[in-house]
file structure07.pdb (PDB, C-alpha atoms, pLDDT in the B column)
ATOM      1  CA  MET A 987     111.167  34.407   1.822  1.00 56.00           C
ATOM      2  CA  ASN A 988     108.730  35.561   4.430  1.00 58.00           C
ATOM      3  CA  GLN A 989     111.372  35.058   7.102  1.00 57.00           C
ATOM      4  CA  SER A 990     114.016  37.090   5.313  1.00 61.00           C
ATOM      5  CA  LYS A 991     111.475  39.872   4.780  1.00 64.00           C
ATOM      6  CA  SER A 992     110.501  39.890   8.503  1.00 65.00           C
ATOM      7  CA  MET A 993     114.193  39.868   9.493  1.00 63.00           C
ATOM      8  CA  ALA A 994     114.838  42.805   7.189  1.00 67.00           C
ATOM      9  CA  ASP A 995     111.839  44.612   8.717  1.00 73.00           C
ATOM     10  CA  ASN A 996     113.152  43.897  12.235  1.00 69.00           C
ATOM     11  CA  LYS A 997     116.605  45.224  11.304  1.00 71.00           C
ATOM     12  CA  LYS A 998     115.009  48.326   9.842  1.00 76.00           C
ATOM     13  CA  GLN A 999     112.903  48.831  12.997  1.00 81.00           C
ATOM     14  CA  VAL A1000     115.941  48.415  15.214  1.00 76.00           C
ATOM     15  CA  THR A1001     117.945  50.795  13.060  1.00 83.00           C
ATOM     16  CA  ASP A1002     115.122  53.347  13.135  1.00 84.00           C
ATOM     17  CA  LEU A1003     114.792  52.962  16.900  1.00 81.00           C
ATOM     18  CA  MET A1004     118.535  53.470  17.396  1.00 82.00           C
ATOM     19  CA  GLN A1005     118.463  56.544  15.170  1.00 84.00           C
ATOM     20  CA  ASP A1006     115.539  57.974  17.171  1.00 84.00           C
ATOM     21  CA  ILE A1007     117.448  57.414  20.422  1.00 83.00           C
ATOM     22  CA  LEU A1008     120.570  59.088  19.038  1.00 81.00           C
ATOM     23  CA  ASP A1009     118.502  62.030  17.803  1.00 82.00           C
ATOM     24  CA  GLU A1010     116.895  62.449  21.222  1.00 80.00           C
ATOM     25  CA  LEU A1011     120.278  62.293  22.940  1.00 77.00           C
ATOM     26  CA  SER A1012     121.722  64.976  20.727  1.00 76.00           C
ATOM     27  CA  THR A1013     118.600  67.100  21.297  1.00 76.00           C
ATOM     28  CA  MET A1014     119.081  66.689  25.050  1.00 73.00           C
ATOM     29  CA  ARG A1015     122.734  67.697  24.780  1.00 69.00           C
ATOM     30  CA  THR A1016     121.918  70.853  22.883  1.00 70.00           C
ATOM     31  CA  LYS A1017     118.875  71.917  24.913  1.00 70.00           C
ATOM     32  CA  LEU A1018     119.953  71.079  28.472  1.00 64.00           C
ATOM     33  CA  PRO A1019     122.396  73.485  30.065  1.00 64.00           C
ATOM     34  CA  ASN A1020     125.540  72.037  31.601  1.00 64.00           C
ATOM     35  CA  GLY A1021     124.329  72.867  35.120  1.00 65.00           C
ATOM     36  CA  GLU A1022     121.323  70.592  34.807  1.00 71.00           C
ATOM     37  CA  LEU A1023     123.471  67.831  33.379  1.00 71.00           C
ATOM     38  CA  LYS A1024     125.856  68.264  36.305  1.00 76.00           C
ATOM     39  CA  ILE A1025     122.958  67.985  38.785  1.00 80.00           C
ATOM     40  CA  ILE A1026     121.665  64.860  37.032  1.00 80.00           C
ATOM     41  CA  GLN A1027     125.164  63.411  37.051  1.00 80.00           C
ATOM     42  CA  MET A1028     125.558  64.180  40.777  1.00 85.00           C
ATOM     43  CA  ASN A1029     122.197  62.571  41.531  1.00 86.00           C
ATOM     44  CA  ILE A1030     123.219  59.474  39.617  1.00 86.00           C
ATOM     45  CA  GLU A1031     126.475  59.332  41.571  1.00 88.00           C
ATOM     46  CA  GLU A1032     124.528  59.651  44.842  1.00 89.00           C
ATOM     47  CA  LEU A1033     122.264  56.807  43.734  1.00 88.00           C
ATOM     48  CA  LYS A1034     125.297  54.668  42.926  1.00 87.00           C
ATOM     49  CA  GLN A1035     126.812  55.425  46.344  1.00 91.00           C
ATOM     50  CA  SER A1036     123.523  54.662  48.096  1.00 89.00           C
ATOM     51  CA  GLN A1037     123.240  51.398  46.205  1.00 90.00           C
ATOM     52  CA  ALA A1038     126.800  50.468  47.196  1.00 89.00           C
ATOM     53  CA  ASP A1039     126.010  51.310  50.843  1.00 91.00           C
ATOM     54  CA  MET A1040     122.850  49.187  50.734  1.00 91.00           C
ATOM     55  CA  LYS A1041     124.824  46.326  49.209  1.00 91.00           C
ATOM     56  CA  LYS A1042     127.377  46.570  52.023  1.00 93.00           C
ATOM     57  CA  ASP A1043     124.615  46.718  54.658  1.00 91.00           C
ATOM     58  CA  LEU A1044     122.912  43.677  53.136  1.00 91.00           C
ATOM     59  CA  SER A1045     126.208  41.841  53.130  1.00 89.00           C
ATOM     60  CA  ASP A1046     126.711  42.693  56.818  1.00 88.00           C
ATOM     61  CA  LEU A1047     123.182  41.534  57.657  1.00 86.00           C
ATOM     62  CA  LYS A1048     123.706  38.310  55.754  1.00 85.00           C
ATOM     63  CA  LYS A1049     126.926  37.702  57.648  1.00 84.00           C
ATOM     64  CA  LYS A1050     125.232  38.368  60.994  1.00 82.00           C
ATOM     65  CA  LEU A1051     122.393  36.014  60.116  1.00 80.00           C
ATOM     66  CA  LEU A1052     124.345  33.159  58.597  1.00 80.00           C
ATOM     67  CA  ASP A1053     127.657  33.243  60.488  1.00 82.00           C
ATOM     68  CA  PRO A1054     128.208  29.592  61.542  1.00 77.00           C
ATOM     69  CA  ASP A1055     129.961  30.570  64.793  1.00 80.00           C
ATOM     70  CA  ASP A1056     127.961  33.517  66.077  1.00 81.00           C
ATOM     71  CA  GLY A1057     125.074  34.099  63.663  1.00 80.00           C
ATOM     72  CA  VAL A1058     121.488  34.799  64.627  1.00 80.00           C
ATOM     73  CA  ILE A1059     120.312  31.484  63.208  1.00 82.00           C
ATOM     74  CA  VAL A1060     122.872  29.623  65.334  1.00 84.00           C
ATOM     75  CA  LYS A1061     121.744  31.538  68.425  1.00 84.00           C
ATOM     76  CA  VAL A1062     118.087  30.742  67.718  1.00 85.00           C
ATOM     77  CA  ASN A1063     118.916  27.046  67.292  1.00 86.00           C
ATOM     78  CA  GLU A1064     120.879  27.037  70.562  1.00 87.00           C
ATOM     79  CA  ASN A1065     118.004  28.784  72.319  1.00 89.00           C
ATOM     80  CA  THR A1066     115.549  26.224  70.956  1.00 90.00           C
ATOM     81  CA  LYS A1067     117.700  23.330  72.170  1.00 92.00           C
ATOM     82  CA  TYR A1068     118.038  24.933  75.601  1.00 91.00           C
ATOM     83  CA  ARG A1069     114.288  25.553  75.823  1.00 92.00           C
ATOM     84  CA  GLU A1070     113.526  21.951  74.828  1.00 92.00           C
ATOM     85  CA  SER A1071     115.943  20.608  77.452  1.00 92.00           C
ATOM     86  CA  GLN A1072     114.334  22.898  80.042  1.00 92.00           C
ATOM     87  CA  GLU A1073     110.897  21.534  79.127  1.00 91.00           C
ATOM     88  CA  GLU A1074     112.169  17.967  79.578  1.00 91.00           C
ATOM     89  CA  ASP A1075     113.747  18.907  82.909  1.00 90.00           C
ATOM     90  CA  GLU A1076     110.479  20.523  83.963  1.00 92.00           C
ATOM     91  CA  LYS A1077     108.601  17.275  83.243  1.00 91.00           C
ATOM     92  CA  ASP A1078     111.139  15.347  85.353  1.00 91.00           C
ATOM     93  CA  PHE A1079     110.840  17.948  88.120  1.00 93.00           C
ATOM     94  CA  LYS A1080     107.043  17.652  88.138  1.00 94.00           C
ATOM     95  CA  GLU A1081     107.316  13.857  88.390  1.00 94.00           C
ATOM     96  CA  MET A1082     109.769  14.166  91.277  1.00 94.00           C
ATOM     97  CA  LEU A1083     107.476  16.680  92.979  1.00 94.00           C
ATOM     98  CA  MET A1084     104.535  14.279  92.693  1.00 95.00           C
ATOM     99  CA  GLU A1085     106.666  11.425  94.067  1.00 95.00           C
ATOM    100  CA  HIS A1086     107.737  13.646  96.955  1.00 95.00           C
ATOM    101  CA  SER A1087     104.117  14.550  97.674  1.00 95.00           C
ATOM    102  CA  GLU A1088     103.160  10.870  97.671  1.00 95.00           C
ATOM    103  CA  LEU A1089     106.091  10.059  99.994  1.00 95.00           C
ATOM    104  CA  VAL A1090     105.014  12.807 102.405  1.00 95.00           C
ATOM    105  CA  LYS A1091     101.471  11.363 102.457  1.00 96.00           C
ATOM    106  CA  TRP A1092     102.849   7.839 103.005  1.00 96.00           C
ATOM    107  CA  LYS A1093     105.099   9.126 105.796  1.00 95.00           C
ATOM    108  CA  GLY A1094     102.114  10.777 107.480  1.00 95.00           C
ATOM    109  CA  THR A1095     100.141   7.538 107.267  1.00 95.00           C
ATOM    110  CA  VAL A1096     103.058   5.464 108.602  1.00 95.00           C
ATOM    111  CA  THR A1097     103.632   7.961 111.429  1.00 96.00           C
ATOM    112  CA  LYS A1098      99.964   7.797 112.463  1.00 96.00           C
ATOM    113  CA  THR A1099     100.044   4.001 112.293  1.00 96.00           C
ATOM    114  CA  LEU A1100     103.206   3.857 114.426  1.00 95.00           C
ATOM    115  CA  TRP A1101     101.658   6.204 116.988  1.00 96.00           C
ATOM    116  CA  ILE A1102      98.593   3.967 117.136  1.00 96.00           C
ATOM    117  CA  ILE A1103     100.783   0.868 117.565  1.00 96.00           C
ATOM    118  CA  PHE A1104     102.945   2.634 120.179  1.00 95.00           C
ATOM    119  CA  SER A1105      99.856   3.822 122.081  1.00 95.00           C
ATOM    120  CA  ALA A1106      98.378   0.321 121.990  1.00 94.00           C
ATOM    121  CA  LEU A1107     101.682  -1.174 123.139  1.00 94.00           C
ATOM    122  CA  VAL A1108     101.932   1.309 126.018  1.00 93.00           C
ATOM    123  CA  GLY A1109      98.338   0.533 126.928  1.00 91.00           C
ATOM    124  CA  ILE A1110      98.978  -3.230 126.867  1.00 91.00           C
ATOM    125  CA  LEU A1111     102.161  -2.916 128.898  1.00 89.00           C
ATOM    126  CA  THR A1112     100.468  -0.643 131.398  1.00 89.00           C
ATOM    127  CA  LYS A1113      97.616  -3.071 131.786  1.00 87.00           C
ATOM    128  CA  MET A1114      99.998  -5.983 132.182  1.00 87.00           C
ATOM    129  CA  PHE A1115     102.140  -4.336 134.843  1.00 86.00           C
ATOM    130  CA  LEU A1116      99.555  -2.304 136.752  1.00 85.00           C
ATOM    131  CA  LEU A1117      96.529  -4.544 136.696  1.00 77.00           C
ATOM    132  CA  ASP A1118      98.368  -7.793 137.331  1.00 66.00           C
ATOM    133  CA  LYS A1119      99.671  -6.659 140.689  1.00 59.00           C
TER     134      LYS A1119
END
call {"tool": "encode", "arguments": {"input": "structure07.pdb", "output": "structure tokens"}}
result
Amino acid sequence: MNQSKSMADNKKQVTDLMQDILDELSTMRTKLPNGELKIIQMNIEELKQSQADMKKDLSDLKKKLLDPDDGVIVKVNENTKYRESQEEDEKDFKEMLMEHSELVKWKGTVTKTLWIIFSALVGILTKMFLLDK
């Protein structure tokens, strides 16, 4: 019984609320001049048009971001892959540069050693041919 009474009260409140809204609307119709209603209507139309434009702009942005062929996200992913491959190549280049540096040092050492051996050989040959006579 309590439920049916609360439902009846709710229906009455809704009915009263609807009646109040209708009364206010009719009051607005009688008190507002047509010019003001026209301005309000134009403003509402401008809002609708602006909302439609924003929806179109958002749709365009979404397409530019998520396009699987040429979207911004695809470009960022490609850039990331390229940057990572460049970093790997840079590591390889640094290793090759260090190897080259070590080879240059080894070459310098070998060259000095060969000059020492050549000088010693020339000295020995000179001694053998000039002093033995």
call {"tool": "atom_distance", "arguments": {"input": "structure07.pdb", "atom1": "CA of Thr1013 in chain A", "atom2": "CA of Asp995 in chain A"}}
result
26.6 Å
call {"tool": "residues_around", "arguments": {"input": "structure07.pdb", "residues": "Gly1057 in chain A", "least_positions_apart": "6", "cutoff": "10 Å", "atoms": "only C-alpha atoms", "output": "PyMOL selection string"}}
result
chain A and resi 1047-1051
call {"tool": "residues_around", "arguments": {"input": "structure07.pdb", "residues": "Leu1052 in chain A", "least_positions_apart": "6", "cutoff": "12 Å", "atoms": "all atoms listed in the file", "output": "short mmCIF file (atom, residue, chain, number, x, y, z; two decimals) with C-alpha atoms, keeping the file's coordinate frame"}}
result
data_model
loop_
_atom_site.label_atom_id
_atom_site.label_comp_id
_atom_site.auth_asym_id
_atom_site.auth_seq_id
_atom_site.Cartn_x
_atom_site.Cartn_y
_atom_site.Cartn_z
CA LEU A 1044 122.91 43.68 53.14
CA SER A 1045 126.21 41.84 53.13
CA ASP A 1046 126.71 42.69 56.82
CA VAL A 1058 121.49 34.80 64.63
CA ILE A 1059 120.31 31.48 63.21
CA VAL A 1060 122.87 29.62 65.33
CA LYS A 1061 121.74 31.54 68.42
CA VAL A 1062 118.09 30.74 67.72
CA ASN A 1063 118.92 27.05 67.29
#
call {"tool": "atom_distance", "arguments": {"input": "structure07.pdb", "atom1": "CA of Leu1083 in chain A", "atom2": "CA of Trp1101 in chain A"}}
result
26.8 Å
call {"tool": "atom_distance", "arguments": {"input": "structure07.pdb", "atom1": "CA of Ile1007 in chain A", "atom2": "CA of Leu1023 in chain A"}}
result
17.7 Å
call {"tool": "axis_aligned_box", "arguments": {"input": "structure07.pdb", "around": "range 1106-1109 of chain A", "padding_each_side": "6 Å", "output": "AutoDock Vina command-line options"}}
result
--center_x 100.1 --center_y 0.1 --center_z 124.5 --size_x 15.6 --size_y 14.5 --size_z 16.9
call {"tool": "build_atoms", "arguments": {"input": "structure07.pdb", "residues": "range 1044-1072 of chain A", "atoms": "N, CA and C atoms", "output": "PDB file, in the frame of the given file"}}
result
ATOM      1  N   LEU A1044     123.512  44.996  53.343  1.00 91.00           N
ATOM      2  CA  LEU A1044     122.912  43.677  53.136  1.00 91.00           C
ATOM      3  C   LEU A1044     123.938  42.572  53.364  1.00 91.00           C
ATOM      4  N   SER A1045     125.145  42.822  52.927  1.00 89.00           N
ATOM      5  CA  SER A1045     126.208  41.841  53.130  1.00 89.00           C
ATOM      6  C   SER A1045     126.484  41.659  54.621  1.00 89.00           C
ATOM      7  N   ASP A1046     126.503  42.769  55.372  1.00 88.00           N
ATOM      8  CA  ASP A1046     126.711  42.693  56.818  1.00 88.00           C
ATOM      9  C   ASP A1046     125.567  41.942  57.494  1.00 88.00           C
ATOM     10  N   LEU A1047     124.342  42.226  57.084  1.00 86.00           N
ATOM     11  CA  LEU A1047     123.182  41.534  57.657  1.00 86.00           C
ATOM     12  C   LEU A1047     123.238  40.039  57.359  1.00 86.00           C
ATOM     13  N   LYS A1048     123.600  39.716  56.146  1.00 85.00           N
ATOM     14  CA  LYS A1048     123.706  38.310  55.754  1.00 85.00           C
ATOM     15  C   LYS A1048     124.758  37.608  56.602  1.00 85.00           C
ATOM     16  N   LYS A1049     125.868  38.291  56.836  1.00 84.00           N
ATOM     17  CA  LYS A1049     126.926  37.702  57.648  1.00 84.00           C
ATOM     18  C   LYS A1049     126.443  37.494  59.079  1.00 84.00           C
ATOM     19  N   LYS A1050     125.731  38.490  59.622  1.00 82.00           N
ATOM     20  CA  LYS A1050     125.232  38.368  60.994  1.00 82.00           C
ATOM     21  C   LYS A1050     124.200  37.253  61.115  1.00 82.00           C
ATOM     22  N   LEU A1051     123.414  37.060  60.077  1.00 80.00           N
ATOM     23  CA  LEU A1051     122.393  36.014  60.116  1.00 80.00           C
ATOM     24  C   LEU A1051     122.981  34.623  59.948  1.00 80.00           C
ATOM     25  N   LEU A1052     123.899  34.481  59.011  1.00 80.00           N
ATOM     26  CA  LEU A1052     124.345  33.159  58.597  1.00 80.00           C
ATOM     27  C   LEU A1052     125.716  32.746  59.125  1.00 80.00           C
ATOM     28  N   ASP A1053     126.347  33.578  59.957  1.00 82.00           N
ATOM     29  CA  ASP A1053     127.657  33.243  60.488  1.00 82.00           C
ATOM     30  C   ASP A1053     127.566  31.931  61.275  1.00 82.00           C
ATOM     31  N   PRO A1054     128.352  30.906  60.895  1.00 77.00           N
ATOM     32  CA  PRO A1054     128.208  29.592  61.542  1.00 77.00           C
ATOM     33  C   PRO A1054     128.670  29.576  63.001  1.00 77.00           C
ATOM     34  N   ASP A1055     129.471  30.549  63.413  1.00 80.00           N
ATOM     35  CA  ASP A1055     129.961  30.570  64.793  1.00 80.00           C
ATOM     36  C   ASP A1055     129.092  31.421  65.705  1.00 80.00           C
ATOM     37  N   ASP A1056     128.644  32.566  65.202  1.00 81.00           N
ATOM     38  CA  ASP A1056     127.961  33.517  66.077  1.00 81.00           C
ATOM     39  C   ASP A1056     126.756  34.159  65.394  1.00 81.00           C
ATOM     40  N   GLY A1057     126.193  33.518  64.398  1.00 80.00           N
ATOM     41  CA  GLY A1057     125.074  34.099  63.663  1.00 80.00           C
ATOM     42  C   GLY A1057     123.765  34.000  64.426  1.00 80.00           C
ATOM     43  N   VAL A1058     122.802  34.767  63.989  1.00 80.00           N
ATOM     44  CA  VAL A1058     121.488  34.799  64.627  1.00 80.00           C
ATOM     45  C   VAL A1058     120.813  33.437  64.528  1.00 80.00           C
ATOM     46  N   ILE A1059     120.945  32.797  63.388  1.00 82.00           N
ATOM     47  CA  ILE A1059     120.312  31.484  63.208  1.00 82.00           C
ATOM     48  C   ILE A1059     120.913  30.479  64.188  1.00 82.00           C
ATOM     49  N   VAL A1060     122.219  30.525  64.388  1.00 84.00           N
ATOM     50  CA  VAL A1060     122.872  29.623  65.334  1.00 84.00           C
ATOM     51  C   VAL A1060     122.367  29.893  66.744  1.00 84.00           C
ATOM     52  N   LYS A1061     122.237  31.166  67.091  1.00 84.00           N
ATOM     53  CA  LYS A1061     121.744  31.538  68.425  1.00 84.00           C
ATOM     54  C   LYS A1061     120.315  31.045  68.632  1.00 84.00           C
ATOM     55  N   VAL A1062     119.473  31.197  67.615  1.00 85.00           N
ATOM     56  CA  VAL A1062     118.087  30.742  67.718  1.00 85.00           C
ATOM     57  C   VAL A1062     118.044  29.226  67.903  1.00 85.00           C
ATOM     58  N   ASN A1063     118.875  28.509  67.158  1.00 86.00           N
ATOM     59  CA  ASN A1063     118.916  27.046  67.292  1.00 86.00           C
ATOM     60  C   ASN A1063     119.390  26.638  68.685  1.00 86.00           C
ATOM     61  N   GLU A1064     120.399  27.336  69.212  1.00 87.00           N
ATOM     62  CA  GLU A1064     120.879  27.037  70.562  1.00 87.00           C
ATOM     63  C   GLU A1064     119.787  27.319  71.585  1.00 87.00           C
ATOM     64  N   ASN A1065     119.087  28.425  71.408  1.00 89.00           N
ATOM     65  CA  ASN A1065     118.004  28.784  72.319  1.00 89.00           C
ATOM     66  C   ASN A1065     116.901  27.731  72.283  1.00 89.00           C
ATOM     67  N   THR A1066     116.580  27.250  71.098  1.00 90.00           N
ATOM     68  CA  THR A1066     115.549  26.224  70.956  1.00 90.00           C
ATOM     69  C   THR A1066     115.961  24.947  71.672  1.00 90.00           C
ATOM     70  N   LYS A1067     117.209  24.537  71.493  1.00 92.00           N
ATOM     71  CA  LYS A1067     117.700  23.330  72.170  1.00 92.00           C
ATOM     72  C   LYS A1067     117.642  23.502  73.686  1.00 92.00           C
ATOM     73  N   TYR A1068     118.055  24.666  74.160  1.00 91.00           N
ATOM     74  CA  TYR A1068     118.038  24.933  75.601  1.00 91.00           C
ATOM     75  C   TYR A1068     116.601  24.889  76.134  1.00 91.00           C
ATOM     76  N   ARG A1069     115.693  25.523  75.404  1.00 92.00           N
ATOM     77  CA  ARG A1069     114.288  25.553  75.823  1.00 92.00           C
ATOM     78  C   ARG A1069     113.703  24.141  75.855  1.00 92.00           C
ATOM     79  N   GLU A1070     114.024  23.325  74.861  1.00 92.00           N
ATOM     80  CA  GLU A1070     113.526  21.951  74.828  1.00 92.00           C
ATOM     81  C   GLU A1070     114.086  21.142  75.996  1.00 92.00           C
ATOM     82  N   SER A1071     115.366  21.336  76.314  1.00 92.00           N
ATOM     83  CA  SER A1071     115.943  20.608  77.452  1.00 92.00           C
ATOM     84  C   SER A1071     115.311  21.079  78.757  1.00 92.00           C
ATOM     85  N   GLN A1072     115.005  22.376  78.854  1.00 92.00           N
ATOM     86  CA  GLN A1072     114.334  22.898  80.042  1.00 92.00           C
ATOM     87  C   GLN A1072     112.941  22.298  80.180  1.00 92.00           C
TER      88      GLN A1072
END
